[in-house]
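Enquirer: Structure in structure tokens, see below.
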Amino acid sequence: MLKPRSTATREQVNLDGIWRFAIDGAAGPEPWNGPLDTRLEAAVPASYNDLFTDPAIRDHVGWVWYQRTVRVPRGWTDERVMVRVDAATHEGKVYADGVLAAEHIGGYTPFEADITDLVSAGDEFRLTIGVNNELTNVTIPPGTVTISRSGRREQQYKHDFFNYAGLARSVWLHSVPPVHVTDVTIATGVEGTAGTVAYTVETSASAPVQVKVLGADGTEVAAAQGGNGTVRIEDVRLWRPGGAYLYDLVVEVLHDGEVVDSYTEPFGVRTVEVRGTQFLINGEPFYFTGFGKHEDTPVRGKGHDDAYLVHDTQLMEWIGANSFRTSHYPYAEEVLEFADRHGIVVIDETAAVGLNLAVQGGLTGRPHDPTWSPETFGEATQAAHARHLQELIARDKNHPSVVMWCLANESSSAEEGAREYFEPLVKLARELDPTRPITHTAWLGATGDNDLIADLFDVVTVNRYYGWYIANGDLETAEQYLENDLRGWIEKFGKPVMMGEYGADTMPGLHSVWDVPWTEEYQRAHLEMHHRVFDRFEAFVGEHVWNFADFATSNGIHRVDGNKKGVFTRDRRPKGAAHMLRARWRELNGRKPPAR
Ligand code: BDP
């Protein structure tokens, strides 16, 4: 889905700001049918949970309602009028003056409502957006709604981050001409000193199309006629990790020789390839250094925040991180655009986190329900997962920063049924995007010996917590476990292997001269132990520490005001380990250390 942009033929109005707000039940039976009867107002973009002091809002399970008045610009008489919701977590409904105009399931991908027939240029209308935060076994991510002893509806889920909800990203009113570009797909290659740009344009009705490629200074460097084709850029400037260069593809739709729609899609020319046990960007081996992140900040929850985006990127540059994974859901498009412009490498992950009932069994030793079954995660879950994957790739396919798709985090990949579940999804991902490698992160219970799906993917990504959940406080034992474990994956699959997560919860300010978990020294020693092991393997291609910053989770006896595995605190101050990482990663500078 194209991002709304203002161009010579398109306009947009940003609808961020303060909206009237109510949780379901507090604003009448049909809140969309009139002015919302409420004293509350909420900020957009922001998750609503931490904005208010009322626990009934923070822990609400079900629909909430946002409403505001919007005026359609008077010049839009001949345009199609669209509302674009960048994210309604996890389900959204858009009403224009009481008429349902669009609905969408999936909390981290955008959707649009065409409201042309419901509004008039120059006039105001009432825009109501309903958002539902419920997770079930047929949503991605999954969850279960239960009724507590006191009769309250409660949301259970298997993922380790707070179920923030609401309108966490921007909402737009935008115009498109009657005949317009609906999709653009760009795939780049390199031939000697030239770049090749294969493009496909889709339009709302059949019409002639022309394209041109502009360099960063606006100079035209290539052009072509037709809705698809390949253009060459001589003396191309490549997009490189740490050295971004972007071109613009300007797409024009013609009618009687006149341009009736124009859309600009930035792109970078670069190649990505897995060869043997190497991960190559532009033909050169790339070593990932960085983090699994979260969209998580105080007060805003998962609300996108440009200030944090800039600051987090500064901190990543400071520490020498060249990459991150969008654990555990697609991030705001602004984040990827920023990464495109700043040469940051991204592993783009779906919201499929928590497809694993073996975790609980593994930790408690008690029998668990099968993960892959019609009653738990079956065909309907798989269909939701496929739809979500499709939406993710449709949204993010043209970002040069995205070098790999991660189809799921820590699903139960060693359990019967995993292969049947993942095979069609892998096939779909490869059809939708033949240009990028794919991966899946393996949880602690899946090893090179028992995993059933790793061979379907290009890169083996493992998440490991030796020295934390296993051999806590005993780094010597942890080191042996880790080395054996990694060797198992490397020898079995002959693919590049990277660490998707490793880390230790750490309370800033807690210190010890011994290996005491939760201290700043322990975090550092724990990470250093991992680095010793990583550097022993030729096939090892990267290290993503868990996590960039401390983040909010649901309550639990193993969480102290959230997950504390951040290298930075939630307010982005470095813990001691940050300085060690900075020294190592700046020295590595995207290259693998020689195997020791
Ligand atoms: C991993 C999960 C991650 C958790 C982490 C942890 O992938 O979401 O936050 O464990 O326990 O299993 O800190």
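Convention: chains lettered A, B, ... in structure tokens order; per-chain residue numbering from 1; ligands numbered from 1 as shown.
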Find the residues near segment 300-302 of chain A: any atom within 12 Å, counting only C-alpha atoms, skip ones fewer than 4 places away on the same chain, and give them as a ChimeraX atom specification.
Expert: /A:42-52,58,87-89,107-108,161-169,293-296,306,308,328-332,551-553,570
Enquirer: Check which residues fall inside 7 Å of ligand 1 when counting only C-alpha atoms and all ligand atoms, and print them as a PDB file with C-alpha atoms, in the first residue's frame.
Expert:
ATOM      1  CA  HIS A 159       4.382 -12.195  24.130  1.00  0.00           C
ATOM      2  CA  ASP A 160       6.610 -10.257  26.475  1.00  0.00           C
ATOM      3  CA  PHE A 161       5.532  -6.656  25.832  1.00  0.00           C
ATOM      4  CA  ASN A 409       9.500 -14.749  16.408  1.00  0.00           C
ATOM      5  CA  GLU A 410      10.160 -17.848  18.468  1.00  0.00           C
ATOM      6  CA  TRP A 443      13.472 -20.084  20.709  1.00  0.00           C
ATOM      7  CA  ASN A 463      17.541 -16.294  20.332  1.00  0.00           C
ATOM      8  CA  TRP A 546      18.075  -7.967  23.450  1.00  0.00           C
ATOM      9  CA  ASN A 563      11.688  -5.938  30.889  1.00  0.00           C
ATOM     10  CA  LYS A 565      17.304  -6.176  29.333  1.00  0.00           C
TER      11      LYS A 565
END
Enquirer: Just asking: which residues within segment 110-351 of chain A are alpha helix (DSSP H) according to DSSP, as a list in words?
Expert: Asp306, Ala307, Tyr308, Leu309, Val310, His311, Asp312, Thr313, Gln314, Leu315, Met316, Glu317, Trp318, Ile319, Glu333, Glu334, Val335, Leu336, Glu337, Phe338, Ala339, Asp340, Arg341 and His342 of chain A
Enquirer: Out of A:Asn547, A:Thr38, A:Thr144, A:Asn398, which residue has the shortest atom-to-atom distance to Val269 of chain A when counting only C-alpha atoms?
Expert: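 Smallest separation from Val269 of chain A among the options: A:Asn398.
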Enquirer: Write out as a PyMOL selection string which residues come within 10 Å of Phe279 of chain A when counting only C-alpha atoms, dropping same-chain ones fewer than 2 positions away.
Expert: chain A and resi 272-277+281-288+403+437+458-459+495-497+539-542
